[in-house]
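Just my_file_9.csv here, CSV, C-alpha atoms:
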chain,number,residue,atom,x,y,z
A,1,MET,CA,0.0,0.0,0.0
A,2,ASP,CA,1.5,3.4,-1.0
A,3,THR,CA,1.7,6.3,1.5
A,4,ALA,CA,-1.2,8.3,0.0
A,5,GLN,CA,-3.5,5.3,0.2
A,6,THR,CA,-2.4,4.6,3.8
A,7,VAL,CA,-3.1,8.2,4.9
A,8,THR,CA,-6.5,8.2,3.1
A,9,ARG,CA,-7.6,5.1,4.8
A,10,ALA,CA,-6.3,6.2,8.2
A,11,LEU,CA,-8.2,9.5,7.9
A,12,GLY,CA,-11.3,7.5,6.7
A,13,LEU,CA,-11.1,5.5,10.0
A,14,LEU,CA,-11.0,8.6,12.0
A,15,GLU,CA,-14.0,10.1,10.2
A,16,LEU,CA,-15.9,6.8,10.6
A,17,LEU,CA,-15.2,6.8,14.4
A,18,GLY,CA,-16.2,10.5,14.6
A,19,LYS,CA,-19.5,9.6,13.0
A,20,HIS,CA,-20.3,6.4,14.9
A,21,LYS,CA,-18.5,7.2,18.2
A,22,ARG,CA,-17.7,3.5,19.1
A,23,LEU,CA,-17.2,0.6,16.8
A,24,THR,CA,-15.6,-2.9,16.9
A,25,ALA,CA,-13.0,-3.9,14.4
A,26,SER,CA,-15.5,-6.2,12.7
A,27,GLN,CA,-17.9,-3.3,12.2
A,28,ILE,CA,-15.2,-1.1,10.8
A,29,ILE,CA,-14.1,-3.8,8.4
A,30,GLU,CA,-17.7,-4.2,7.2
A,31,MET,CA,-18.3,-0.5,6.8
A,32,THR,CA,-15.0,0.3,5.0
A,33,ASP,CA,-14.3,-2.9,3.0
A,34,ILE,CA,-10.7,-2.6,4.0
A,35,HIS,CA,-8.8,-5.9,4.4
A,36,ARG,CA,-8.8,-7.3,7.9
A,37,SER,CA,-5.1,-7.3,8.4
A,38,THR,CA,-4.8,-3.7,7.0
A,39,THR,CA,-7.6,-2.5,9.3
A,40,TYR,CA,-5.9,-3.9,12.4
A,41,ARG,CA,-2.6,-2.4,11.3
A,42,LEU,CA,-4.1,1.0,10.8
A,43,LEU,CA,-6.0,0.8,14.1
A,44,GLY,CA,-2.8,-0.2,15.9
A,45,THR,CA,-0.9,2.7,14.4
A,46,LEU,CA,-3.6,5.2,15.3
A,47,ILE,CA,-3.6,3.9,18.9
A,48,GLN,CA,0.1,4.2,19.1
A,49,LEU,CA,-0.1,7.8,17.8
A,50,GLY,CA,-2.7,8.5,20.4
A,51,TYR,CA,-5.6,9.4,18.0
A,52,ILE,CA,-7.9,6.5,19.0
A,53,ARG,CA,-8.2,4.2,21.9
A,54,LYS,CA,-9.6,0.7,22.5
A,55,ASP,CA,-11.7,-0.5,25.4
A,56,ASP,CA,-10.4,-3.9,26.3
A,57,ALA,CA,-13.7,-5.0,27.9
A,58,SER,CA,-15.9,-4.3,24.9
A,59,SER,CA,-13.1,-4.4,22.2
A,60,MET,CA,-14.6,-1.2,20.8
A,61,TYR,CA,-12.6,1.6,19.3
A,62,SER,CA,-13.3,5.3,19.8
A,63,LEU,CA,-11.5,8.7,19.2
A,64,SER,CA,-9.2,9.9,21.9
A,65,PRO,CA,-9.0,13.3,23.5
A,66,LYS,CA,-6.1,14.1,21.3
A,67,ILE,CA,-8.5,14.7,18.4
A,68,LEU,CA,-10.2,17.3,20.6
A,69,THR,CA,-6.9,19.0,21.1
A,70,LEU,CA,-6.4,19.3,17.4
A,71,ALA,CA,-9.9,20.6,17.0
A,72,SER,CA,-9.4,23.2,19.7
A,73,SER,CA,-6.2,24.3,18.0
A,74,VAL,CA,-8.1,25.0,14.8
A,75,GLN,CA,-10.8,26.8,16.7
A,76,GLU,CA,-8.2,28.9,18.6
A,77,ALA,CA,-6.7,30.0,15.3
A,78,ARG,CA,-10.2,31.0,14.1
A,79,ASP,CA,-10.8,32.9,17.3
A,80,ILE,CA,-7.5,34.8,17.1
A,81,LYS,CA,-8.3,35.8,13.5
A,82,ASP,CA,-11.8,37.1,14.6
A,83,ILE,CA,-10.5,38.9,17.6
A,84,ALA,CA,-7.6,40.5,15.7
A,85,ARG,CA,-9.6,41.6,12.7
A,86,PRO,CA,-10.8,45.0,13.9
A,87,PHE,CA,-7.3,45.9,15.1
A,88,ILE,CA,-5.7,44.6,11.9
A,89,ASP,CA,-8.2,46.7,9.9
A,90,GLU,CA,-7.3,49.7,12.0
A,91,LEU,CA,-3.6,49.2,11.4
A,92,HIS,CA,-4.2,48.8,7.7
A,93,LYS,CA,-6.1,52.0,7.5
A,94,LYS,CA,-3.4,53.8,9.4
A,95,THR,CA,-0.4,52.5,7.5
A,96,LEU,CA,-2.0,51.6,4.1
A,97,GLU,CA,0.6,48.9,3.9
A,98,THR,CA,0.4,45.1,3.6
A,99,ILE,CA,-0.6,43.3,6.8
A,100,HIS,CA,-0.2,39.6,7.7
A,101,LEU,CA,-1.4,37.6,10.7
A,102,ALA,CA,0.1,34.2,11.3
A,103,VAL,CA,0.5,31.4,13.9
A,104,LEU,CA,3.1,28.7,14.5
A,105,ASP,CA,2.6,25.4,12.5
A,106,ASN,CA,5.2,22.9,13.5
A,107,ASP,CA,8.5,24.4,12.3
A,108,GLU,CA,6.9,27.0,10.0
A,109,LEU,CA,4.4,29.8,10.2
A,110,VAL,CA,1.0,29.7,8.5
A,111,TYR,CA,-0.8,32.8,7.5
A,112,LEU,CA,-4.3,33.3,8.9
A,113,ASP,CA,-5.1,36.6,7.4
A,114,LYS,CA,-3.7,39.2,4.9
A,115,ARG,CA,-4.5,42.8,3.9
A,116,GLU,CA,-3.1,44.1,0.7
A,117,SER,CA,-1.5,47.6,0.6
A,118,ASN,CA,-3.6,50.4,-1.0
A,119,ARG,CA,-0.5,52.3,-2.1
A,120,ASN,CA,0.6,52.6,-5.7
A,121,LEU,CA,4.1,51.6,-4.7
A,122,ARG,CA,3.6,48.5,-2.6
A,123,VAL,CA,5.2,45.1,-2.1
A,124,VAL,CA,4.1,42.1,-4.2
A,125,MET,CA,4.5,39.1,-2.0
A,126,ASN,CA,3.8,35.4,-2.7
A,127,SER,CA,2.0,35.0,0.7
A,128,LYS,CA,-1.6,34.2,1.0
A,129,THR,CA,-4.0,32.9,3.6
A,130,GLY,CA,-3.2,29.3,4.4
A,131,SER,CA,0.3,29.4,2.9
A,132,HIS,CA,3.5,28.7,4.9
A,133,ALA,CA,6.8,30.5,5.4
A,134,PRO,CA,10.0,29.8,7.3
A,135,LEU,CA,10.5,31.2,10.8
A,136,TYR,CA,14.2,32.2,10.9
A,137,CYS,CA,14.1,34.8,8.1
A,138,THR,CA,10.7,36.4,8.4
A,139,GLY,CA,9.6,39.1,10.8
A,140,ILE,CA,6.6,37.1,12.0
A,141,GLY,CA,8.6,33.9,12.2
A,142,LYS,CA,11.3,35.5,14.4
A,143,VAL,CA,8.6,36.9,16.7
A,144,LEU,CA,7.2,33.4,17.1
A,145,LEU,CA,10.6,32.0,17.8
A,146,SER,CA,11.2,34.7,20.4
A,147,GLY,CA,8.0,33.5,22.1
A,148,MET,CA,9.2,29.9,22.4
A,149,SER,CA,10.6,28.5,25.6
A,150,ASP,CA,14.4,27.8,25.6
A,151,GLY,CA,13.6,24.1,25.2
A,152,GLN,CA,11.3,24.6,22.2
A,153,LEU,CA,13.8,27.0,20.6
A,154,HIS,CA,16.6,24.4,21.1
A,155,ASP,CA,14.5,21.7,19.4
A,156,TYR,CA,13.8,24.0,16.5
A,157,ILE,CA,17.5,24.9,16.1
A,158,LYS,CA,18.5,21.2,16.0
A,159,THR,CA,16.5,20.7,12.8
A,160,VAL,CA,16.4,24.0,11.0
A,161,ARG,CA,18.1,24.4,7.6
A,162,PHE,CA,19.4,27.9,6.9
A,163,ILE,CA,18.4,28.4,3.3
A,164,LYS,CA,19.8,31.6,1.8
A,165,TYR,CA,16.9,33.3,0.2
A,166,THR,CA,18.6,36.7,-0.1
A,167,GLU,CA,22.0,38.3,0.7
A,168,ASN,CA,20.5,39.4,4.0
A,169,THR,CA,19.1,36.0,5.1
A,170,ILE,CA,20.3,34.9,8.6
A,171,ALA,CA,22.9,32.2,7.9
A,172,GLY,CA,23.6,30.6,11.3
A,173,ILE,CA,22.5,29.7,14.8
A,174,GLN,CA,24.4,32.3,16.7
A,175,GLU,CA,23.2,35.1,14.5
A,176,LEU,CA,19.6,33.9,14.9
A,177,LEU,CA,19.9,33.6,18.7
A,178,SER,CA,21.4,37.0,19.0
A,179,GLU,CA,18.5,38.5,17.1
A,180,ILE,CA,16.0,36.6,19.1
A,181,ASP,CA,17.5,38.0,22.3
A,182,GLU,CA,17.1,41.5,20.9
A,183,ILE,CA,13.5,40.8,19.8
A,184,ARG,CA,12.6,39.6,23.3
A,185,GLN,CA,13.9,42.9,24.8
A,186,GLN,CA,12.3,45.3,22.3
A,187,GLY,CA,9.0,43.6,21.6
A,188,TYR,CA,9.2,43.6,17.9
A,189,ALA,CA,11.2,42.1,15.0
A,190,GLU,CA,12.4,43.5,11.6
A,191,ASP,CA,12.8,41.7,8.3
A,192,ARG,CA,15.4,43.6,6.3
A,193,GLU,CA,14.9,41.8,2.9
A,194,GLU,CA,15.8,38.5,4.6
A,195,HIS,CA,13.1,36.4,2.9
A,196,GLU,CA,12.1,38.4,-0.2
A,197,GLU,CA,14.2,41.0,-2.1
A,198,GLY,CA,12.9,44.5,-1.7
A,199,VAL,CA,10.6,43.8,1.2
A,200,TYR,CA,11.0,45.4,4.7
A,201,CYS,CA,8.6,44.5,7.5
A,202,VAL,CA,8.1,45.0,11.2
A,203,ALA,CA,6.4,42.3,13.3
A,204,SER,CA,5.1,42.0,16.8
A,205,PRO,CA,3.4,39.3,18.9
A,206,VAL,CA,-0.1,38.5,20.1
A,207,ILE,CA,0.3,37.5,23.7
A,208,SER,CA,-2.2,35.6,25.8
A,209,SER,CA,-3.2,36.3,29.4
A,210,ALA,CA,-0.9,33.4,30.3
A,211,GLY,CA,2.0,35.3,28.8
A,212,GLU,CA,2.4,33.0,25.8
A,213,THR,CA,3.0,34.2,22.2
A,214,ILE,CA,0.0,32.7,20.4
A,215,ALA,CA,0.3,34.6,17.1
A,216,ALA,CA,2.1,37.4,15.4
A,217,PHE,CA,1.4,40.0,12.7
A,218,SER,CA,3.5,42.3,10.5
A,219,VAL,CA,3.4,45.4,8.4
A,220,SER,CA,5.3,45.0,5.1
A,221,LEU,CA,6.4,47.7,2.7
A,222,PRO,CA,8.9,48.2,-0.2
A,223,SER,CA,12.5,48.7,1.2
A,224,VAL,CA,13.0,51.7,-1.2
A,225,ARG,CA,10.2,53.6,0.5
A,226,ARG,CA,11.6,53.0,4.0
A,227,THR,CA,13.0,56.0,5.8
A,228,GLU,CA,14.1,56.2,9.4
A,229,GLU,CA,11.1,58.4,10.2
A,230,LEU,CA,8.7,55.9,8.6
A,231,ARG,CA,10.4,53.0,10.2
A,232,LEU,CA,9.9,54.5,13.7
A,233,GLU,CA,6.2,55.3,12.8
A,234,ILE,CA,5.6,51.7,11.7
A,235,ILE,CA,7.3,50.2,14.8
A,236,GLU,CA,5.1,52.4,17.1
A,237,ALA,CA,2.0,51.5,15.2
A,238,VAL,CA,2.8,47.8,15.3
A,239,LYS,CA,3.6,47.8,19.0
A,240,THR,CA,0.4,49.7,19.8
A,241,ALA,CA,-1.6,47.1,17.8
A,242,SER,CA,0.2,44.3,19.6
A,243,ASP,CA,-1.0,45.7,23.0
A,244,LYS,CA,-4.6,46.1,21.8
A,245,ILE,CA,-4.9,42.6,20.2
A,246,SER,CA,-3.2,41.0,23.2
A,247,GLU,CA,-5.5,42.8,25.6
A,248,ALA,CA,-8.5,41.7,23.6
A,249,VAL,CA,-7.3,38.1,23.5
A,250,GLY,CA,-6.6,38.1,27.2

Target format structure tokens, applied to this file:
Amino acid sequence: MDTAQTVTRALGLLELLGKHKRLTASQIIEMTDIHRSTTYRLLGTLIQLGYIRKDDASSMYSLSPKILTLASSVQEARDIKDIARPFIDELHKKTLETIHLAVLDNDELVYLDKRESNRNLRVVMNSKTGSHAPLYCTGIGKVLLSGMSDGQLHDYIKTVRFIKYTENTIAGIQELLSEIDEIRQQGYAEDREEHEEGVYCVASPVISSAGETIAAFSVSLPSVRRTEELRLEIIEAVKTASDKISEAVG
């Protein structure tokens, strides 16, 4: 069985248990028409991964609470987007620049929302809602990294590959750690053409009442239009929005 077929069948089993709540292996085999040995193998794998559980007394399978954790994560992302929307709209009206809102998704970020710039001279970016981007060379990504615990950050660093997107892309661990320390102190991050040529951005966190960085957002503009005065104005606007969104989330 190829990987795609295995994944399809495993997801099918999860959907089946979601619909019927509790089923025996025989009932699952009858409903899915999957070979007996394949069914038991898939069930065993899903149990091992923690997505389903088996009641030894009744031999019935059901979804585990881990599924609820995944569902709550999706709902949390939707909630953050809804809560942040009026403040993102306000920031967009104030700056007229491109705005992104994103959350952590394993070792990358995923965009939840985007507002395009209304200016004639604006950045043209490949980003869109639902797309992913690296953490170490984007403003939002570096903010999300700065919100990690030391243990989480250590785990990320062990696996990250420093791909050189531009001449300004961070190229090593020490350079990244140094910048993360600075971000933690100042409360915002800058992307100086590190991921895309000609794009400058300022990013800041969304912080929960528990003090955790649960999302981040950024303002992006063409590097050629950036002046020191505009840079300071954007930083101030982003930090103000960060406080407002974090307060609303909390």

Subject >> Coordinates-based distance that separates CA of Gly172 in chain A from CA of Glu196 in chain A (Å, one decimal) >> reply: 18.0 Å

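Going from CA of Phe217 in chain A over to CA of Ser204 in chain A, you cover 5.9 Å.
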
**OP:** List the residues sitting within 12 Å of (-9.7, -2.4, 6.7) in the file's frame, using only C-alpha atoms, as a list in words.
**Re:**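 Output of the proximity query reads Gln5, Thr6, Thr8, Arg9, Ala10, Gly12, Leu13, Leu16, Thr24, Ala25, Ser26, Gln27, Ile28, Ile29, Glu30, Met31, Thr32, Asp33, Ile34, His35, Arg36, Ser37, Thr38, Thr39, Tyr40, Arg41, Leu42, Leu43 and Gly44 of chain A.
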
Write the residues of the selection above to a file with C-alpha atoms, as a PDB file, in the frame of the given file.
ATOM      1  CA  GLN A   5      -3.500   5.300   0.200  1.00  0.00           C
ATOM      2  CA  THR A   6      -2.400   4.600   3.800  1.00  0.00           C
ATOM      3  CA  THR A   8      -6.500   8.200   3.100  1.00  0.00           C
ATOM      4  CA  ARG A   9      -7.600   5.100   4.800  1.00  0.00           C
ATOM      5  CA  ALA A  10      -6.300   6.200   8.200  1.00  0.00           C
ATOM      6  CA  GLY A  12     -11.300   7.500   6.700  1.00  0.00           C
ATOM      7  CA  LEU A  13     -11.100   5.500  10.000  1.00  0.00           C
ATOM      8  CA  LEU A  16     -15.900   6.800  10.600  1.00  0.00           C
ATOM      9  CA  THR A  24     -15.600  -2.900  16.900  1.00  0.00           C
ATOM     10  CA  ALA A  25     -13.000  -3.900  14.400  1.00  0.00           C
ATOM     11  CA  SER A  26     -15.500  -6.200  12.700  1.00  0.00           C
ATOM     12  CA  GLN A  27     -17.900  -3.300  12.200  1.00  0.00           C
ATOM     13  CA  ILE A  28     -15.200  -1.100  10.800  1.00  0.00           C
ATOM     14  CA  ILE A  29     -14.100  -3.800   8.400  1.00  0.00           C
ATOM     15  CA  GLU A  30     -17.700  -4.200   7.200  1.00  0.00           C
ATOM     16  CA  MET A  31     -18.300  -0.500   6.800  1.00  0.00           C
ATOM     17  CA  THR A  32     -15.000   0.300   5.000  1.00  0.00           C
ATOM     18  CA  ASP A  33     -14.300  -2.900   3.000  1.00  0.00           C
ATOM     19  CA  ILE A  34     -10.700  -2.600   4.000  1.00  0.00           C
ATOM     20  CA  HIS A  35      -8.800  -5.900   4.400  1.00  0.00           C
ATOM     21  CA  ARG A  36      -8.800  -7.300   7.900  1.00  0.00           C
ATOM     22  CA  SER A  37      -5.100  -7.300   8.400  1.00  0.00           C
ATOM     23  CA  THR A  38      -4.800  -3.700   7.000  1.00  0.00           C
ATOM     24  CA  THR A  39      -7.600  -2.500   9.300  1.00  0.00           C
ATOM     25  CA  TYR A  40      -5.900  -3.900  12.400  1.00  0.00           C
ATOM     26  CA  ARG A  41      -2.600  -2.400  11.300  1.00  0.00           C
ATOM     27  CA  LEU A  42      -4.100   1.000  10.800  1.00  0.00           C
ATOM     28  CA  LEU A  43      -6.000   0.800  14.100  1.00  0.00           C
ATOM     29  CA  GLY A  44      -2.800  -0.200  15.900  1.00  0.00           C
TER      30      GLY A  44
END

**OP:** Name all residues at most 10 Å from range 152-157 of chain A (count all atoms listed in the file; drop same-chain ones fewer than 6 positions away) and give them as an MDAnalysis selection string.
**Re:** chainID A and resid 106:108 135:136 144:146 172:173 176:177 180

**OP:** Between CA of Ser223 in chain A and CA of Val199 in chain A, measure the distance and give it in Å to one decimal.
**Re:**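 Answer for the CA of Ser223 in chain A to CA of Val199 in chain A separation: 5.3 Å.
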
Subject >> Nearest to Val206 in chain A by atom-to-atom distance, counting all atoms listed in the file, from A:Leu112, A:Ala84, A:Ala57, A:Leu91 >> reply: A:Ala84

Original post:
Counting only C-alpha atoms, which of A:Thr227, A:Ser62, A:Gln186, A:Thr129 gets nearest to Val103 in chain A?
Top reply: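 Of A:Thr227, A:Ser62, A:Gln186, A:Thr129, the one nearest Val103 in chain A, counting only C-alpha atoms, is A:Thr129.
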
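Distances to Lys142 in chain A were evaluated for A:Gly130, A:Glu190, A:Val123, A:Asn168 using only C-alpha atoms, and the minimum falls at A:Glu190.
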
Original post:
Which residue gives the smallest distance to Gly198 in chain A among A:Pro222, A:Pro65, A:Gly50, A:Gly139, with all atoms listed in the file counted?
Top reply: A:Pro222

Original post:
Nearest to Ala203 in chain A among A:Arg184, A:Ile140, A:Glu247, A:Gln174, with distances taken over only C-alpha atoms: which residue is it?
Top reply: A:Ile140

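Taking all atoms listed in the file into account, Glu212 in chain A lies nearest to A:Gly147 out of the set A:Asp55, A:Gly147, A:Lys239, A:Asp113.
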
When you get a chance, write out N, CA and C atoms for range 174-203 of chain A, as a PDB file, in the frame of the given file.
ATOM      1  N   GLN A 174      24.090  31.255  15.804  1.00  0.00           N
ATOM      2  CA  GLN A 174      24.400  32.300  16.700  1.00  0.00           C
ATOM      3  C   GLN A 174      23.832  33.662  16.267  1.00  0.00           C
ATOM      4  N   GLU A 175      23.799  33.906  14.971  1.00  0.00           N
ATOM      5  CA  GLU A 175      23.200  35.100  14.500  1.00  0.00           C
ATOM      6  C   GLU A 175      21.694  35.150  14.780  1.00  0.00           C
ATOM      7  N   LEU A 176      21.034  33.992  14.635  1.00  0.00           N
ATOM      8  CA  LEU A 176      19.600  33.900  14.900  1.00  0.00           C
ATOM      9  C   LEU A 176      19.348  34.103  16.429  1.00  0.00           C
ATOM     10  N   LEU A 177      20.128  33.442  17.280  1.00  0.00           N
ATOM     11  CA  LEU A 177      19.900  33.600  18.700  1.00  0.00           C
ATOM     12  C   LEU A 177      20.154  34.983  19.209  1.00  0.00           C
ATOM     13  N   SER A 178      21.146  35.652  18.634  1.00  0.00           N
ATOM     14  CA  SER A 178      21.400  37.000  19.000  1.00  0.00           C
ATOM     15  C   SER A 178      20.236  37.931  18.653  1.00  0.00           C
ATOM     16  N   GLU A 179      19.644  37.701  17.484  1.00  0.00           N
ATOM     17  CA  GLU A 179      18.500  38.500  17.100  1.00  0.00           C
ATOM     18  C   GLU A 179      17.274  38.207  17.935  1.00  0.00           C
ATOM     19  N   ILE A 180      17.083  36.948  18.300  1.00  0.00           N
ATOM     20  CA  ILE A 180      16.000  36.600  19.100  1.00  0.00           C
ATOM     21  C   ILE A 180      16.059  37.256  20.515  1.00  0.00           C
ATOM     22  N   ASP A 181      17.253  37.320  21.071  1.00  0.00           N
ATOM     23  CA  ASP A 181      17.500  38.000  22.300  1.00  0.00           C
ATOM     24  C   ASP A 181      17.037  39.491  22.211  1.00  0.00           C
ATOM     25  N   GLU A 182      17.407  40.094  21.099  1.00  0.00           N
ATOM     26  CA  GLU A 182      17.100  41.500  20.900  1.00  0.00           C
ATOM     27  C   GLU A 182      15.560  41.683  20.727  1.00  0.00           C
ATOM     28  N   ILE A 183      14.907  40.760  20.020  1.00  0.00           N
ATOM     29  CA  ILE A 183      13.500  40.800  19.800  1.00  0.00           C
ATOM     30  C   ILE A 183      12.738  40.702  21.166  1.00  0.00           C
ATOM     31  N   ARG A 184      13.198  39.805  22.013  1.00  0.00           N
ATOM     32  CA  ARG A 184      12.600  39.600  23.300  1.00  0.00           C
ATOM     33  C   ARG A 184      12.669  40.899  24.166  1.00  0.00           C
ATOM     34  N   GLN A 185      13.737  41.643  24.009  1.00  0.00           N
ATOM     35  CA  GLN A 185      13.900  42.900  24.800  1.00  0.00           C
ATOM     36  C   GLN A 185      13.083  44.022  24.232  1.00  0.00           C
ATOM     37  N   GLN A 186      13.004  44.149  22.914  1.00  0.00           N
ATOM     38  CA  GLN A 186      12.300  45.300  22.300  1.00  0.00           C
ATOM     39  C   GLN A 186      10.878  45.110  21.976  1.00  0.00           C
ATOM     40  N   GLY A 187      10.441  43.843  21.882  1.00  0.00           N
ATOM     41  CA  GLY A 187       9.000  43.600  21.600  1.00  0.00           C
ATOM     42  C   GLY A 187       8.597  43.592  20.188  1.00  0.00           C
ATOM     43  N   TYR A 188       9.519  43.629  19.272  1.00  0.00           N
ATOM     44  CA  TYR A 188       9.200  43.600  17.900  1.00  0.00           C
ATOM     45  C   TYR A 188      10.388  43.038  17.069  1.00  0.00           C
ATOM     46  N   ALA A 189      10.130  42.615  15.831  1.00  0.00           N
ATOM     47  CA  ALA A 189      11.200  42.100  15.000  1.00  0.00           C
ATOM     48  C   ALA A 189      11.147  42.836  13.636  1.00  0.00           C
ATOM     49  N   GLU A 190      12.285  42.873  12.972  1.00  0.00           N
ATOM     50  CA  GLU A 190      12.400  43.500  11.600  1.00  0.00           C
ATOM     51  C   GLU A 190      12.888  42.430  10.653  1.00  0.00           C
ATOM     52  N   ASP A 191      12.335  42.486   9.465  1.00  0.00           N
ATOM     53  CA  ASP A 191      12.800  41.700   8.300  1.00  0.00           C
ATOM     54  C   ASP A 191      13.347  42.611   7.308  1.00  0.00           C
ATOM     55  N   ARG A 192      14.663  42.633   7.202  1.00  0.00           N
ATOM     56  CA  ARG A 192      15.400  43.600   6.300  1.00  0.00           C
ATOM     57  C   ARG A 192      15.733  42.834   5.014  1.00  0.00           C
ATOM     58  N   GLU A 193      14.717  42.550   4.197  1.00  0.00           N
ATOM     59  CA  GLU A 193      14.900  41.800   2.900  1.00  0.00           C
ATOM     60  C   GLU A 193      15.593  40.464   3.183  1.00  0.00           C
ATOM     61  N   GLU A 194      15.177  39.766   4.201  1.00  0.00           N
ATOM     62  CA  GLU A 194      15.800  38.500   4.600  1.00  0.00           C
ATOM     63  C   GLU A 194      15.101  37.304   3.846  1.00  0.00           C
ATOM     64  N   HIS A 195      13.818  37.473   3.529  1.00  0.00           N
ATOM     65  CA  HIS A 195      13.100  36.400   2.900  1.00  0.00           C
ATOM     66  C   HIS A 195      12.763  36.719   1.417  1.00  0.00           C
ATOM     67  N   GLU A 196      12.449  37.980   1.164  1.00  0.00           N
ATOM     68  CA  GLU A 196      12.100  38.400  -0.200  1.00  0.00           C
ATOM     69  C   GLU A 196      12.866  39.723  -0.492  1.00  0.00           C
ATOM     70  N   GLU A 197      13.475  39.784  -1.659  1.00  0.00           N
ATOM     71  CA  GLU A 197      14.200  41.000  -2.100  1.00  0.00           C
ATOM     72  C   GLU A 197      13.230  42.184  -2.136  1.00  0.00           C
ATOM     73  N   GLY A 198      13.687  43.319  -1.612  1.00  0.00           N
ATOM     74  CA  GLY A 198      12.900  44.500  -1.700  1.00  0.00           C
ATOM     75  C   GLY A 198      11.795  44.691  -0.700  1.00  0.00           C
ATOM     76  N   VAL A 199      11.693  43.741   0.240  1.00  0.00           N
ATOM     77  CA  VAL A 199      10.600  43.800   1.200  1.00  0.00           C
ATOM     78  C   VAL A 199      11.162  44.021   2.621  1.00  0.00           C
ATOM     79  N   TYR A 200      10.655  45.058   3.266  1.00  0.00           N
ATOM     80  CA  TYR A 200      11.000  45.400   4.700  1.00  0.00           C
ATOM     81  C   TYR A 200       9.724  45.206   5.483  1.00  0.00           C
ATOM     82  N   CYS A 201       9.837  44.615   6.672  1.00  0.00           N
ATOM     83  CA  CYS A 201       8.600  44.500   7.500  1.00  0.00           C
ATOM     84  C   CYS A 201       8.985  44.591   8.986  1.00  0.00           C
ATOM     85  N   VAL A 202       7.981  44.961   9.750  1.00  0.00           N
ATOM     86  CA  VAL A 202       8.100  45.000  11.200  1.00  0.00           C
ATOM     87  C   VAL A 202       6.966  44.102  11.755  1.00  0.00           C
ATOM     88  N   ALA A 203       7.313  43.250  12.705  1.00  0.00           N
ATOM     89  CA  ALA A 203       6.400  42.300  13.300  1.00  0.00           C
ATOM     90  C   ALA A 203       6.338  42.366  14.777  1.00  0.00           C
TER      91      ALA A 203
END
